[in-house]
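Asker: So that you have it, the file is data-v8.txt, and it contains compact mmCIF, C-alpha atoms:
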```txt
# COMPACT_ATOMS: atom_id res chain seq x y z
CA MET A 667 31.74 2.64 -25.51
CA LYS A 668 29.17 2.41 -22.72
CA PRO A 669 27.01 5.49 -22.05
CA PRO A 670 28.50 7.55 -19.21
CA GLN A 671 27.15 7.26 -15.69
CA TRP A 672 26.04 10.82 -15.08
CA GLY A 673 26.04 10.42 -11.34
CA GLN A 674 29.79 9.93 -11.52
CA ILE A 675 30.36 13.32 -13.18
CA LYS A 676 31.12 15.72 -10.34
CA PRO A 677 28.57 17.16 -10.04
CA PRO A 678 25.95 15.85 -12.53
CA PHE A 679 23.35 18.52 -11.87
CA PRO A 680 24.65 21.34 -14.17
CA THR A 681 24.72 18.81 -17.01
CA VAL A 682 20.97 18.33 -16.84
CA GLU A 683 20.34 22.06 -16.72
CA ALA A 684 22.60 22.64 -19.73
CA ILE A 685 20.64 20.04 -21.72
CA ARG A 686 17.32 21.48 -20.58
CA ALA A 687 18.44 24.96 -21.65
CA GLN A 688 19.51 23.58 -25.03
CA MET A 689 16.07 22.01 -25.47
CA LEU A 690 14.44 25.39 -24.94
CA LEU A 691 16.59 26.92 -27.70
CA GLN A 692 15.19 24.58 -30.35
CA ILE A 693 12.50 26.96 -31.61
CA ASN A 694 13.88 27.99 -35.01
CA THR A 695 12.13 25.26 -36.98
CA ARG A 696 9.40 24.14 -34.57
CA ARG A 697 6.72 25.53 -32.29
CA GLU A 698 7.81 26.82 -28.90
CA ILE A 699 5.42 24.46 -27.09
CA LEU A 700 7.37 21.47 -28.47
CA ALA A 701 10.67 22.84 -27.18
CA GLN A 702 9.00 23.39 -23.80
CA ARG A 703 7.68 19.82 -23.92
CA ASP A 704 11.16 18.39 -24.43
CA ALA A 705 12.57 20.47 -21.56
CA MET A 706 9.72 19.20 -19.37
CA VAL A 707 10.56 15.59 -20.24
CA VAL A 708 14.13 16.21 -19.05
CA SER A 709 12.95 17.75 -15.78
CA LEU A 710 10.44 14.95 -15.15
CA GLN A 711 12.74 12.02 -15.79
CA TYR A 712 15.57 13.58 -13.81
CA GLY A 713 13.46 14.91 -10.94
CA LEU A 714 11.60 11.63 -10.45
CA GLY A 715 14.55 9.35 -11.19
CA ALA A 716 12.13 7.70 -13.60
CA ARG A 717 12.56 5.19 -16.41
CA ASN A 718 11.75 6.35 -19.95
CA GLN A 719 8.47 4.44 -20.17
CA GLU A 720 7.29 5.79 -16.81
CA VAL A 721 7.43 9.42 -17.96
CA TRP A 722 5.06 8.82 -20.88
CA GLY A 723 2.43 7.28 -18.59
CA LEU A 724 2.20 10.16 -16.11
CA ARG A 725 -1.09 12.06 -15.94
CA TRP A 726 -1.87 15.29 -14.11
CA ALA A 727 -3.84 13.13 -11.68
CA SER A 728 -0.53 11.43 -10.84
CA LEU A 729 0.54 14.53 -8.92
CA ALA A 730 -0.42 14.79 -5.27
CA GLY A 731 1.13 17.79 -3.55
CA GLU A 732 4.79 17.06 -2.88
CA PHE A 733 4.59 13.58 -4.40
CA ALA A 734 3.88 11.86 -7.70
CA TRP A 735 2.35 8.43 -8.16
CA VAL A 736 3.83 6.16 -10.83
CA MET A 737 0.78 4.10 -11.76
CA GLU A 738 1.13 3.40 -15.49
CA VAL A 739 3.92 2.86 -17.97
CA LEU A 740 3.99 2.87 -21.77
CA SER A 741 5.12 -0.55 -22.96
CA SER A 742 5.18 -1.43 -26.69
CA GLY A 743 2.81 1.45 -27.33
CA GLU A 744 0.28 0.25 -24.75
CA LEU A 745 -0.49 1.63 -21.31
CA THR A 746 -0.03 -0.93 -18.57
CA GLU A 747 0.01 -0.95 -14.79
CA TRP A 748 2.92 -3.40 -14.75
CA GLY A 749 6.42 -1.96 -14.91
CA LYS A 750 9.89 -3.36 -15.44
CA THR A 751 10.29 -4.69 -11.91
CA GLU A 752 8.00 -5.78 -9.09
CA HIS A 753 7.91 -2.35 -7.43
CA SER A 754 8.38 -0.12 -10.47
CA THR A 755 4.71 0.92 -10.59
CA GLN A 756 2.07 1.56 -7.92
CA ARG A 757 4.63 3.63 -6.04
CA ARG A 758 4.90 7.17 -4.71
CA THR A 759 7.97 9.35 -5.14
CA ALA A 760 8.90 12.82 -3.91
CA LEU A 761 8.64 15.89 -6.17
CA PRO A 762 11.46 18.41 -5.65
CA GLY A 763 10.18 21.96 -5.31
CA ILE A 764 11.86 23.09 -8.53
CA LEU A 765 10.13 20.28 -10.43
CA ARG A 766 6.75 21.31 -9.04
CA GLU A 767 7.42 24.82 -10.34
CA ASP A 768 8.41 23.49 -13.77
CA LEU A 769 5.20 21.47 -13.89
CA ALA A 770 3.07 24.49 -12.97
CA GLU A 771 4.71 26.54 -15.74
CA TRP A 772 4.28 23.70 -18.23
CA ARG A 773 0.60 23.31 -17.39
CA ALA A 774 0.11 27.04 -17.89
CA ALA A 775 1.90 26.82 -21.25
CA LEU A 776 -0.44 24.01 -22.35
CA ARG A 777 -3.48 26.06 -21.40
CA HIS A 778 -2.10 29.09 -23.24
CA ALA A 779 -1.62 26.91 -26.33
CA GLY A 780 -5.25 25.77 -26.07
CA HIS A 781 -4.34 22.23 -25.16
CA PRO A 782 -6.44 20.28 -22.58
CA ASP A 783 -4.96 19.73 -19.14
CA ARG A 784 -7.67 17.73 -17.37
CA GLU A 785 -6.61 15.58 -14.44
CA LEU A 786 -6.83 12.51 -16.70
CA ASP A 787 -4.77 14.10 -19.49
CA PHE A 788 -1.15 13.07 -19.85
CA ILE A 789 1.53 15.47 -18.64
CA ILE A 790 3.38 14.81 -21.89
CA PRO A 791 0.59 14.63 -24.48
CA GLY A 792 1.11 12.81 -27.74
CA ASP A 793 -0.78 15.21 -30.00
CA LEU A 794 1.04 18.51 -29.50
CA SER A 795 2.28 18.30 -33.09
CA GLY A 796 -1.28 17.89 -34.37
CA PRO A 797 -4.38 15.69 -34.07
CA GLY A 798 -2.81 12.95 -36.19
CA HIS A 799 -0.08 12.28 -33.66
CA GLY A 800 -0.03 10.18 -30.51
CA THR A 801 -2.32 7.39 -29.34
CA LEU A 802 -5.77 7.93 -27.89
CA ASP A 803 -6.58 6.29 -24.56
CA SER A 804 -10.07 4.92 -25.19
CA ARG A 805 -10.97 4.94 -21.49
CA THR A 806 -10.41 8.66 -20.92
CA GLY A 807 -10.08 10.30 -24.34
CA ALA A 808 -6.58 11.51 -23.39
CA CYS A 809 -3.73 11.25 -25.88
CA HIS A 810 -0.34 9.79 -24.93
CA PHE A 811 2.86 9.21 -26.88
CA SER A 812 2.68 6.48 -29.50
CA GLU A 813 5.25 3.68 -29.57
CA ASN A 814 7.05 5.41 -32.44
CA GLN A 815 7.15 8.75 -30.60
CA ALA A 816 8.49 7.10 -27.45
CA ARG A 817 11.16 5.21 -29.39
CA SER A 818 12.29 8.17 -31.46
CA TRP A 819 12.22 10.97 -28.88
CA GLY A 820 15.74 10.28 -27.65
CA ALA A 821 17.37 10.21 -31.09
CA ARG A 822 15.36 13.13 -32.48
CA PHE A 823 15.52 15.57 -29.58
CA PHE A 824 17.65 14.39 -26.66
CA THR A 825 20.77 13.28 -28.57
CA PRO A 826 21.14 16.53 -30.58
CA ALA A 827 20.89 18.54 -27.36
CA VAL A 828 23.54 16.34 -25.70
CA GLU A 829 25.84 16.79 -28.69
CA GLN A 830 25.52 20.56 -28.48
CA VAL A 831 26.16 20.65 -24.72
CA ALA A 832 29.11 18.24 -25.03
CA GLN A 833 30.93 20.86 -27.09
CA ARG A 834 31.60 22.62 -23.80
CA PRO A 835 34.81 20.99 -22.50
CA GLU A 836 33.48 20.42 -18.98
CA PHE A 837 30.59 18.38 -20.40
CA PHE A 838 32.47 16.34 -22.98
CA PRO A 839 32.09 13.08 -20.93
CA ILE A 840 28.31 13.05 -21.55
CA LEU A 841 28.70 12.56 -25.31
CA GLY A 842 26.75 9.43 -26.26
CA ALA A 843 24.44 9.58 -23.23
CA THR A 844 20.85 8.34 -23.54
CA PRO A 845 17.65 9.56 -21.83
CA TYR A 846 18.03 6.76 -19.27
CA SER A 847 21.05 8.66 -17.97
CA LEU A 848 18.58 11.17 -16.56
CA ARG A 849 17.27 8.46 -14.23
CA ARG A 850 20.81 7.62 -13.10
CA GLY A 851 21.58 11.27 -12.45
CA GLY A 852 18.34 11.79 -10.54
CA ILE A 853 18.97 8.79 -8.30
CA SER A 854 22.54 9.95 -7.66
CA LEU A 855 21.26 13.39 -6.71
CA ARG A 856 18.87 11.94 -4.13
CA LEU A 857 21.44 9.56 -2.68
CA ARG A 858 23.62 12.52 -1.75
CA ALA A 859 21.01 13.57 0.79
CA GLU A 860 18.58 10.73 1.48
CA ASP A 861 18.49 7.30 3.02
CA PRO A 862 19.18 4.62 0.34
CA GLN A 863 16.14 2.59 1.44
CA THR A 864 13.85 5.54 0.74
CA VAL A 865 15.48 6.22 -2.61
CA ALA A 866 15.22 2.55 -3.61
CA SER A 867 11.55 2.40 -2.69
CA GLU A 868 10.54 5.66 -4.36
CA CYS A 869 12.56 5.08 -7.54
CA GLY A 870 11.36 1.50 -7.98
CA THR A 871 14.70 -0.25 -7.57
CA SER A 872 16.53 -2.33 -4.96
CA LEU A 873 19.20 -1.70 -2.36
CA LYS A 874 21.40 -4.20 -4.19
CA MET A 875 21.11 -2.17 -7.39
CA LEU A 876 22.04 0.98 -5.50
CA SER A 877 24.98 -0.77 -3.85
CA ASP A 878 26.20 -2.18 -7.17
CA HIS A 879 25.84 0.98 -9.28
CA TYR A 880 25.58 4.00 -6.97
CA ALA A 881 28.06 3.29 -4.17
CA PHE A 882 30.01 6.42 -5.16
CA ALA A 883 27.00 8.63 -4.37
CA ILE A 884 26.42 6.95 -1.00
CA GLU A 885 30.11 7.38 -0.15
CA ASP A 886 29.92 11.02 -1.25
CA LEU A 887 27.10 11.54 1.27
CA ARG A 888 29.24 10.02 4.04
CA ARG A 889 32.17 12.31 3.22
CA HIS A 890 30.36 15.58 2.68
CA GLY A 891 27.06 15.24 4.50
CA PRO A 892 23.56 15.72 3.10
CA ARG A 893 22.98 18.25 0.32
CA PRO A 894 19.23 18.57 -0.36
CA ALA A 895 18.31 17.74 -3.95
CA ASP A 896 16.21 20.86 -4.42
CA VAL A 897 19.04 23.12 -3.23
CA GLU A 898 21.58 21.46 -5.54
CA TRP A 899 19.24 21.58 -8.52
CA ARG A 900 18.40 25.26 -8.02
CA ALA A 901 22.09 26.11 -7.80
CA ALA A 902 22.66 24.29 -11.09
CA ARG A 903 19.87 26.23 -12.79
CA SER A 904 21.25 29.49 -11.47
CA ALA A 905 24.70 28.59 -12.81
CA GLN A 906 23.20 27.80 -16.23
CA THR A 907 21.35 31.12 -16.24
CA ASP A 908 24.63 32.90 -15.53
CA HIS A 909 26.30 30.97 -18.35
CA ASP A 910 23.53 31.92 -20.79
CA SER A 911 23.84 35.56 -19.75
CA ARG A 912 27.57 35.54 -20.49
CA GLU A 913 26.94 33.89 -23.86
CA GLN A 914 24.39 36.56 -24.74
CA LYS A 915 26.77 39.35 -23.79
CA ALA A 916 29.46 37.78 -25.95
CA LEU A 917 27.03 37.64 -28.87
CA LEU A 918 26.08 41.29 -28.40
CA ALA A 919 29.74 42.22 -28.33
CA VAL A 920 30.30 40.47 -31.64
CA THR A 921 27.23 42.14 -33.14
CA ALA A 922 28.56 45.56 -32.14
CA HIS A 923 31.63 45.19 -34.40
CA GLY A 924 32.10 44.90 -38.14
CA GLY A 925 29.72 45.49 -41.01
CA MET A 926 28.01 42.11 -41.13
CA ARG A 927 24.30 41.67 -40.67
CA PRO A 928 23.23 40.44 -37.21
CA ARG A 929 22.58 36.87 -38.42
CA GLN A 930 25.94 36.74 -40.22
CA LYS A 931 27.63 38.00 -37.08
CA PHE A 932 25.90 35.38 -35.01
CA LEU A 933 26.95 32.57 -37.35
CA ALA A 934 30.53 33.81 -37.33
CA TRP A 935 30.56 34.03 -33.54
CA PHE A 936 28.97 30.60 -33.20
CA ALA A 937 31.52 28.98 -35.53
CA THR A 938 34.38 30.55 -33.60
CA HIS A 939 32.84 29.47 -30.30
CA ARG A 940 32.50 25.86 -31.50
CA ARG A 941 36.10 25.72 -32.74
CA ALA A 942 37.38 27.08 -29.44
CA ALA A 943 35.32 24.54 -27.47
CA ARG A 944 36.64 21.64 -29.55
CA ALA A 945 40.23 22.81 -29.24
CA SER A 946 40.02 23.15 -25.46
```
Rewrite the structure of this file - the entire thing - as structure tokens.

Answerer:
Amino acid sequence: MKPPQWGQIKPPFPTVEAIRAQMLLQINTRREILAQRDAMVVSLQYGLGARNQEVWGLRWASLAGEFAWVMEVLSSGELTEWGKTEHSTQRRTALPGILREDLAEWRAALRHAGHPDRELDFIIPGDLSGPGHGTLDSRTGACHFSENQARSWGARFFTPAVEQVAQRPEFFPILGATPYSLRRGGISLRLRAEDPQTVASECGTSLKMLSDHYAFAIEDLRRHGPRPADVEWRAARSAQTDHDSREQKALLAVTAHGGMRPRQKFLAWFATHRRAARAS
């Protein structure tokens, strides 16, 4: 079965926020900074409509106000200025306001963790798990993801989050999605409000590619008019926050009954919740 086209899920934006929220929950067996890193990867790839290899090559110097420059990509473990297509690197793309806020919070988290955040450091550093991880850029002394880290990130962190989110009936169609789906969803989001030529240029693709694979989003714009990406994304995050609040209240309600310990109550509630989601 082919991975789902997120842009065709109406709407795709809450899906991304649900996955991002799931990433942030993964702190039971790992440091919080690593969960925050994975959530930041989701925001970056979605907000920039970027390819996987483009995210790993972004430095703090890549950011310029309301825009980001895609100058380097990670290919076979090596940094290169040449991307997948003719216009995939050396390009400038818009940064939604909510993504700029996520980046500011992430940079503050790195500083709090004692990790360097120089302009030449990578936004997603390769050595957050320890000095033996990642690959050192000999020109700048900054550490980026290694080839193994880049290859395994999806299977180790993204896929488990997708599987958890897909237990909610409304998100079942995303089961089997890959990180590249974040690019598709981000492009679809922009096409609902922006001129296709601008989107093609800033996302490093062609009008033909948009016509062949994103015609539904362009048609959606014609039917419903422009819906700014930042507005849609913020609404999705607000909806996810409301969902999390309801989940927490349900957990507290379960904890208030019976004689089980809090952890036992949580596990019982979680098992019941999963069965109900699967049966729906």

Asker: So, with all atoms listed in the file as the atoms that count, which of A:Glu785, A:Asp768, A:Glu913, A:Glu738 lies closest to Gln719 in chain A?

Answerer: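 Nearest candidate to Gln719 in chain A out of A:Glu785, A:Asp768, A:Glu913, A:Glu738: A:Glu738.
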
Asker: Can you list, as a PDB file with C-alpha atoms, keeping the file's coordinate frame, every protein, DNA or RNA residue that comes within 8 Å of range 872-879 of chain A when you count all atoms listed in the file, leaving out same-chain residues fewer than 4 positions away?

Answerer:
```
ATOM      1  CA  PRO A 862      19.180   4.620   0.340  1.00  0.00           C
ATOM      2  CA  GLN A 863      16.140   2.590   1.440  1.00  0.00           C
ATOM      3  CA  ALA A 866      15.220   2.550  -3.610  1.00  0.00           C
ATOM      4  CA  SER A 867      11.550   2.400  -2.690  1.00  0.00           C
TER       5      SER A 867
END
```

Asker: CA of Leu794 in chain A and CA of Asn814 in chain A, how far apart in Å?

Answerer: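 Separation between CA of Asn814 in chain A and CA of Leu794 in chain A: 14.7 Å.
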
Asker: Using all atoms listed in the file, which of A:Pro894, A:Pro782, A:Gly792, A:Gly715 sits nearest Gly743 in chain A?

Answerer: A:Gly792

Asker: Nearest to Val682 in chain A: which of A:Trp772, A:Trp819, A:Phe788, A:Phe824 is it, counting all atoms listed in the file?

Answerer: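 The closest residue to Val682 in chain A is A:Phe824.
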
Asker: Identify which of the residues A:His909, A:Arg766, A:Thr871, A:Glu698 lies closest to His778 in chain A, counting only C-alpha atoms when measuring atom-to-atom distances.

Answerer: A:Glu698

Asker: As a PyMOL selection string, please: the residues near Tyr846 in chain A (cut-off 9 Å, all atoms listed in the file, same-chain neighbours under 2 positions excluded).

Answerer: chain A and resi 711+716-718+843-844+848-851

Asker: Which is closest to Glu829 in chain A among A:Thr681, A:Asp861, A:Val707, A:Ala775, if we use all atoms listed in the file?

Answerer: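 Distance minimum relative to Glu829 in chain A lands on A:Thr681.
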
Asker: From the options A:Ala705, A:Ala821, A:Val739, A:Leu786, which residue's atoms come nearest to Leu769 in chain A, counting all atoms listed in the file?

Answerer: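 Between A:Ala705, A:Ala821, A:Val739, A:Leu786, the residue approaching Leu769 in chain A most closely is A:Ala705.
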
Asker: Please provide as a tab-separated table (two decimals) with C-alpha atoms, in the coordinates of the input all residues within 12 Å of Ile693 in chain A, with the sequence filter that same-chain residues fewer than 3 positions apart are discarded (counting only C-alpha atoms).

Answerer:
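Final output, saved to out-v4.tsv:
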```tsv
chain	number	residue	atom	x	y	z
A	687	ALA	CA	18.44	24.96	-21.65
A	688	GLN	CA	19.51	23.58	-25.03
A	689	MET	CA	16.07	22.01	-25.47
A	690	LEU	CA	14.44	25.39	-24.94
A	696	ARG	CA	9.40	24.14	-34.57
A	697	ARG	CA	6.72	25.53	-32.29
A	698	GLU	CA	7.81	26.82	-28.90
A	699	ILE	CA	5.42	24.46	-27.09
A	700	LEU	CA	7.37	21.47	-28.47
A	701	ALA	CA	10.67	22.84	-27.18
A	702	GLN	CA	9.00	23.39	-23.80
A	703	ARG	CA	7.68	19.82	-23.92
A	704	ASP	CA	11.16	18.39	-24.43
A	705	ALA	CA	12.57	20.47	-21.56
A	823	PHE	CA	15.52	15.57	-29.58
```
